[in-house]
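Presented below is the structure to which this report refers.
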Amino acid sequence: MLTALTLALLTQCDPAGPIVSCPSTMGGPLFEFAPATGAGMTGTCACTSPKGTKGEAMVFARASNAWCTKNSTTTGIVPGDMVECSSAQPRIMPGGDGSGGNGLLSEPALIQNALQVRFLENAAWTSTEAVTANTTASPSNAVDADTLNDTSAVAQSCTSQVITTSSATKHTVSVFLRAGTLAKAQLKMVGTGNAAGDCTASTTTLTTPYDRITCTSGAAYTGALTAVTVSVCVGTVVGDTGTVIAWGVNHSVSQDYLASFIDATAAPATRQSDLAHFLTSGINGVASIAASFVIPAGTHPAGGGVVSIQNGAAPGGPSLGLLMESGTFVRCFQQGGLGYMALGGTQSVVDRAYCWNKGGTFPIANCLNGKLTAFAEQSGNGGDIQTVDRVVVGAFTAALAVGGVVKRVCVDPNQTRCR
Amino acid sequence: MSPTLRNLLGFLAVGVGGIGIYTVLPSTTMPQLVAAGINADCAQRISVCPERITPALRNVLADAGDVLPAGKRYAMLARQARRCPNLDGGVDELVRAVRADPSQADSDFDLPDPERCRDFACAVAPGFCAQGNRYVRVASQAPDCVRAPVAGGTTCQRAELDGGQRYFGAGNVFPAGEARGTGCEPVACTTIAGDDPNTTL
C-alpha cells in the first residue's frame, strides 16, 4: 500500500508545479518566498512587507512612491485595481494577466516624462476634442478619469502633449482607456526631427473595464530628435464620433516594455528601483536556486536580477544568481562562470528557471520551465565558494532589476530540492 | 574601467540612456582605488547633476558652506568625479558617496534624471577637484527648467513647435530654453515620484 502511494506521488511530480509536489523536496528547502500556497505573503497590493515561508523578514528599500496592480496589468482593469504604495513599501502582485499567484514586483528606476498624467484637461495638454474632467472612477478608484468627446465628422480629435527630448532610444507610451459611447481609440507618438521611433496603437474593443493601451518604438529614434508629441485620440479613423474615458498617460525613454504606471503632476517623476533581500544562514555558493517570473515583453536590462544569493551588498555581483540577459535569455551567474538559457523571444512567463552551482571545475547547470531543455554544464573556475548571508529577490543593484514580478523563489544547498 | 576597479564600487544609481553613474563606497580607500588603476584609467572630472537633497546630503552641503532653503529638495550639484572607460566601449562616471555605511551608499544619491548630468574638466572650478572634504557643492549653473508661478499669472509662456507660444499651466515645468514672456521661475526639471513639485522644486 505504501509502495503504491509512493509510486503515485512520483508520477505526480511536476517540476513546473508547486515545489512541494516533488519527493525531492521532502524536508523543505532552506528558503522559500512567494510559493504557490501563498505562505508568508501579505495581501495583494497591501503595501506591506511579506515574509519568507519560515517567517524570515524581508528587508526592502525604494526611495519613491510606486503603483501596484491587483489583477491583469493590461486588460479588464476595474476601479480600485491600482494602488499607490509609498516609499519603502513593496508591491505584492501577480503581474502579467493576473494569474499564477502573487510575487514581488522588482523594477529598475524609470523616469516618466509626461505632465499632469491624470488630468487631461490641464493646460499641459492641448485638445481638438472636448475634455470633461473627473467624470468617471479611474483604476485608482478616485473619480478622476476624463471623458474625451469627438464630435467632428471631418477630422480625428486628439488630446496631445509635446515632450521635449533628444533621447536616441526606443520610447514607450501608454494610457488607460475604457469605452464611453465609442469602443475605438488610438494612442500615437510622433517625433519632431526624426520619425524612426514613431508608433500608433489602435483598439476597437474597449469595454467598461479599463485597458492599458501601449505603444512602443519599433526602432530607436536618432540624434536628430528634439521632441515627441503624445496623443490620445477618440476613434481610429476620421469620422468616428463619440466618447472614450482616459486616465494615466505615461511616456519614458530608453525602454521598450510596459513598466508600472508612474504618476506625475507638474514635473516629470522618477520611480526609484525596488531592492529586497532576506537575511539567511546555513548556505554558501554551492547551492541551487530557482524562481518563476512574469515580465512584460520587451528588452529587459542585461544583468537584471531575478533571484541571487550573496554576501553583504556584494558590489561585485552575487555569488550565484539568476539574471536577465539581453531580454531573450536568462543567465545563470556564478562568480567565475556563466551559463545561459534561452527564454524564446517573446516569452513573458518563465515557469521555471533553475541554477545549480555544484562546485568543482564546471560548476553550473540550468534548466527552464522545469525541463532540462538547456541543461548544460558551463565552464568556470569553481573556486568562488563564498560565504552567503542573504537571498536577494529582484534587483541586486539599483539599476539591475528584472522589470517584472518574481515568485516561487527557492534556495537550498541540495541540487534538486528547488527544481 | 577594469573589473578590479568595478568591484570596488557601490551602486549604479541610474544607468538608463547614457553614462552609468557609480558611487564609490565610503569604505573603499584611495590606495585601493589606486591599486585598481583609477589614476591610470580614469580622468578627474566634475560631474554636475540634478539631485534630490537627502538629510545627509543637506548636512554635507551645509558643512561646505552651501545652506539650502528648508523646503528645497532638488538642486543642481557638482561632485568630484572620475570618468573611466568601461568594458563595453562607453564611459562610466564615479562619484563619491556621502554616507559612511556602505549598505546605504545609494541613499544619498538620488538622480531624478541622469540625462541631465553634465561633465566638466576640473579647470572650470579651480581647486574643487583637489578639496578633500568639500567634494560636493551646489553648482552655480541656473536650473535647466522653468515654470509659470504656482500662485497664478500667465505671462510666463512656453514656445510651441509651430513657432508660437502659449501659457502651459500654473506650475507645469518645461525646459528653460523654451521660455517666452516674463515671470518664469527657474526650477529643477524632475522630481521623485511622490514628491509634490509645487513645493519641492
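Residues in the C-alpha cells are named by chain (A, B, ... in the order shown) and by number from 1 within that chain; ligands are numbered from 1 in the order shown.
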
Sort by chain and increasing residue number a table of all residues of chain A within 6 Å of chain B, each with its closest pair of atoms and their distance in Å to one decimal, counting only C-alpha atoms, and write it as CSV.
residue,atom,partner,partner_atom,distance
A:Ser64,CA,B:Ala193,CA,5.3
A:Asn65,CA,B:Gly194,CA,5.0
A:Ala123,CA,B:Gly169,CA,4.7
A:Ala124,CA,B:Phe168,CA,5.3
A:Ser254,CA,B:Gly17,CA,5.4
A:Ala266,CA,B:Asn172,CA,4.2
A:Ala267,CA,B:Val173,CA,5.3
A:Pro268,CA,B:Thr190,CA,4.8
A:Ala269,CA,B:Thr191,CA,4.7
A:Thr270,CA,B:Ile192,CA,4.7
A:Arg271,CA,B:Ala193,CA,5.3
A:Pro315,CA,B:Gly10,CA,5.4
A:Gly316,CA,B:Asn7,CA,4.3
A:Thr397,CA,B:Phe11,CA,5.8
A:Ala399,CA,B:Val14,CA,5.6

Store the residues picked out above, limited to all heavy atoms, as a PDB file, in the first residue's frame.
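out.pdb, freshly written:
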ATOM      1  N   SER A  64      10.969  56.011  -3.476  1.00  0.00           N
ATOM      2  CA  SER A  64       9.909  56.783  -4.124  1.00  0.00           C
ATOM      3  C   SER A  64       8.590  56.042  -3.975  1.00  0.00           C
ATOM      4  O   SER A  64       8.570  54.860  -3.616  1.00  0.00           O
ATOM      5  CB  SER A  64      10.195  56.976  -5.615  1.00  0.00           C
ATOM      6  OG  SER A  64       9.949  55.776  -6.315  1.00  0.00           O
ATOM      7  N   ASN A  65       7.494  56.720  -4.273  1.00  0.00           N
ATOM      8  CA  ASN A  65       6.210  56.034  -4.399  1.00  0.00           C
ATOM      9  C   ASN A  65       6.233  55.139  -5.633  1.00  0.00           C
ATOM     10  O   ASN A  65       7.051  55.325  -6.542  1.00  0.00           O
ATOM     11  CB  ASN A  65       5.074  57.048  -4.540  1.00  0.00           C
ATOM     12  CG  ASN A  65       4.782  57.778  -3.238  1.00  0.00           C
ATOM     13  OD1 ASN A  65       5.546  57.667  -2.280  1.00  0.00           O
ATOM     14  ND2 ASN A  65       3.686  58.516  -3.210  1.00  0.00           N
ATOM     15  N   ALA A 123      -3.735  72.544 -18.663  1.00  0.00           N
ATOM     16  CA  ALA A 123      -3.132  73.326 -19.749  1.00  0.00           C
ATOM     17  C   ALA A 123      -1.857  72.700 -20.294  1.00  0.00           C
ATOM     18  O   ALA A 123      -1.353  73.136 -21.337  1.00  0.00           O
ATOM     19  CB  ALA A 123      -2.838  74.743 -19.259  1.00  0.00           C
ATOM     20  N   ALA A 124      -1.337  71.690 -19.626  1.00  0.00           N
ATOM     21  CA  ALA A 124      -0.183  70.978 -20.175  1.00  0.00           C
ATOM     22  C   ALA A 124      -0.566  70.196 -21.432  1.00  0.00           C
ATOM     23  O   ALA A 124       0.302  69.764 -22.186  1.00  0.00           O
ATOM     24  CB  ALA A 124       0.394  70.032 -19.121  1.00  0.00           C
ATOM     25  N   SER A 254      14.453  55.087 -23.430  1.00  0.00           N
ATOM     26  CA  SER A 254      15.450  54.039 -23.138  1.00  0.00           C
ATOM     27  C   SER A 254      14.806  52.756 -22.645  1.00  0.00           C
ATOM     28  O   SER A 254      15.380  52.033 -21.829  1.00  0.00           O
ATOM     29  CB  SER A 254      16.452  54.525 -22.082  1.00  0.00           C
ATOM     30  OG  SER A 254      17.087  55.694 -22.507  1.00  0.00           O
ATOM     31  N   ALA A 266       3.063  68.327 -12.025  1.00  0.00           N
ATOM     32  CA  ALA A 266       3.652  69.486 -12.689  1.00  0.00           C
ATOM     33  C   ALA A 266       5.066  69.254 -13.214  1.00  0.00           C
ATOM     34  O   ALA A 266       5.614  70.112 -13.894  1.00  0.00           O
ATOM     35  CB  ALA A 266       3.656  70.672 -11.723  1.00  0.00           C
ATOM     36  N   ALA A 267       5.675  68.107 -12.896  1.00  0.00           N
ATOM     37  CA  ALA A 267       7.036  67.837 -13.362  1.00  0.00           C
ATOM     38  C   ALA A 267       7.187  66.345 -13.618  1.00  0.00           C
ATOM     39  O   ALA A 267       6.496  65.529 -13.000  1.00  0.00           O
ATOM     40  CB  ALA A 267       8.061  68.294 -12.319  1.00  0.00           C
ATOM     41  N   PRO A 268       8.097  65.972 -14.525  1.00  0.00           N
ATOM     42  CA  PRO A 268       8.397  64.551 -14.700  1.00  0.00           C
ATOM     43  C   PRO A 268       8.813  63.937 -13.361  1.00  0.00           C
ATOM     44  O   PRO A 268       9.338  64.631 -12.488  1.00  0.00           O
ATOM     45  CB  PRO A 268       9.554  64.562 -15.697  1.00  0.00           C
ATOM     46  CG  PRO A 268       9.414  65.845 -16.430  1.00  0.00           C
ATOM     47  CD  PRO A 268       8.890  66.826 -15.421  1.00  0.00           C
ATOM     48  N   ALA A 269       8.584  62.635 -13.226  1.00  0.00           N
ATOM     49  CA  ALA A 269       8.874  61.984 -11.947  1.00  0.00           C
ATOM     50  C   ALA A 269       9.644  60.690 -12.159  1.00  0.00           C
ATOM     51  O   ALA A 269       9.412  59.955 -13.124  1.00  0.00           O
ATOM     52  CB  ALA A 269       7.568  61.698 -11.205  1.00  0.00           C
ATOM     53  N   THR A 270      10.556  60.432 -11.249  1.00  0.00           N
ATOM     54  CA  THR A 270      11.327  59.199 -11.272  1.00  0.00           C
ATOM     55  C   THR A 270      10.757  58.214 -10.255  1.00  0.00           C
ATOM     56  O   THR A 270      10.624  58.548  -9.084  1.00  0.00           O
ATOM     57  CB  THR A 270      12.800  59.463 -10.908  1.00  0.00           C
ATOM     58  OG1 THR A 270      13.347  60.365 -11.854  1.00  0.00           O
ATOM     59  CG2 THR A 270      13.606  58.177 -10.920  1.00  0.00           C
ATOM     60  N   ARG A 271      10.397  57.031 -10.729  1.00  0.00           N
ATOM     61  CA  ARG A 271      10.117  55.948  -9.790  1.00  0.00           C
ATOM     62  C   ARG A 271      11.440  55.217  -9.544  1.00  0.00           C
ATOM     63  O   ARG A 271      12.081  54.759 -10.474  1.00  0.00           O
ATOM     64  CB  ARG A 271       9.086  54.969 -10.354  1.00  0.00           C
ATOM     65  CG  ARG A 271       8.673  53.927  -9.294  1.00  0.00           C
ATOM     66  CD  ARG A 271       8.353  52.555  -9.884  1.00  0.00           C
ATOM     67  NE  ARG A 271       9.412  52.079 -10.726  1.00  0.00           N
ATOM     68  CZ  ARG A 271       9.277  51.841 -12.028  1.00  0.00           C
ATOM     69  NH1 ARG A 271       8.155  52.023 -12.634  1.00  0.00           N
ATOM     70  NH2 ARG A 271      10.312  51.402 -12.739  1.00  0.00           N
ATOM     71  N   PRO A 315      29.120  44.395  -4.079  1.00  0.00           N
ATOM     72  CA  PRO A 315      29.143  45.264  -5.244  1.00  0.00           C
ATOM     73  C   PRO A 315      29.678  44.591  -6.494  1.00  0.00           C
ATOM     74  O   PRO A 315      29.399  45.029  -7.601  1.00  0.00           O
ATOM     75  CB  PRO A 315      30.069  46.408  -4.806  1.00  0.00           C
ATOM     76  CG  PRO A 315      30.873  45.860  -3.692  1.00  0.00           C
ATOM     77  CD  PRO A 315      29.976  44.880  -2.989  1.00  0.00           C
ATOM     78  N   GLY A 316      30.456  43.542  -6.326  1.00  0.00           N
ATOM     79  CA  GLY A 316      30.987  42.853  -7.494  1.00  0.00           C
ATOM     80  C   GLY A 316      30.006  41.895  -8.119  1.00  0.00           C
ATOM     81  O   GLY A 316      30.301  41.269  -9.120  1.00  0.00           O
ATOM     82  N   THR A 397      21.512  45.347  -7.636  1.00  0.00           N
ATOM     83  CA  THR A 397      21.920  46.747  -7.547  1.00  0.00           C
ATOM     84  C   THR A 397      20.771  47.579  -8.105  1.00  0.00           C
ATOM     85  O   THR A 397      19.877  47.055  -8.762  1.00  0.00           O
ATOM     86  CB  THR A 397      23.200  47.072  -8.340  1.00  0.00           C
ATOM     87  OG1 THR A 397      22.903  46.981  -9.738  1.00  0.00           O
ATOM     88  CG2 THR A 397      24.322  46.128  -8.002  1.00  0.00           C
ATOM     89  N   ALA A 399      20.111  49.562 -10.524  1.00  0.00           N
ATOM     90  CA  ALA A 399      19.718  49.669 -11.926  1.00  0.00           C
ATOM     91  C   ALA A 399      19.459  48.318 -12.571  1.00  0.00           C
ATOM     92  O   ALA A 399      19.039  48.250 -13.713  1.00  0.00           O
ATOM     93  CB  ALA A 399      20.796  50.401 -12.719  1.00  0.00           C
TER      94      ALA A 399
END

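Counting only C-alpha atoms, stretch 79-83 of chain B has the following residues at most 7 Å away, ignoring those fewer than 6 positions along the same chain: Cys42, Ala43, Gln44, Arg45, Ile46, Ser47, Val48, Val91, Asp92, Glu93, Leu94, Val95, Arg96, Cys129, Tyr135, Val136 and Arg137 of chain B.
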
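The spacing separating atom CA of A:Arg419 from atom CA of A:Ala36 amounts to 14.0 Å.
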
Nearest to B:Asp144, chosen from B:Cys117, B:Thr182, B:Ala62, B:Val34, with only C-alpha atoms counted in the distances
B:Cys117

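Here atom CA of A:Val286 and atom CA of A:Ser319 stand 9.2 Å from one another.
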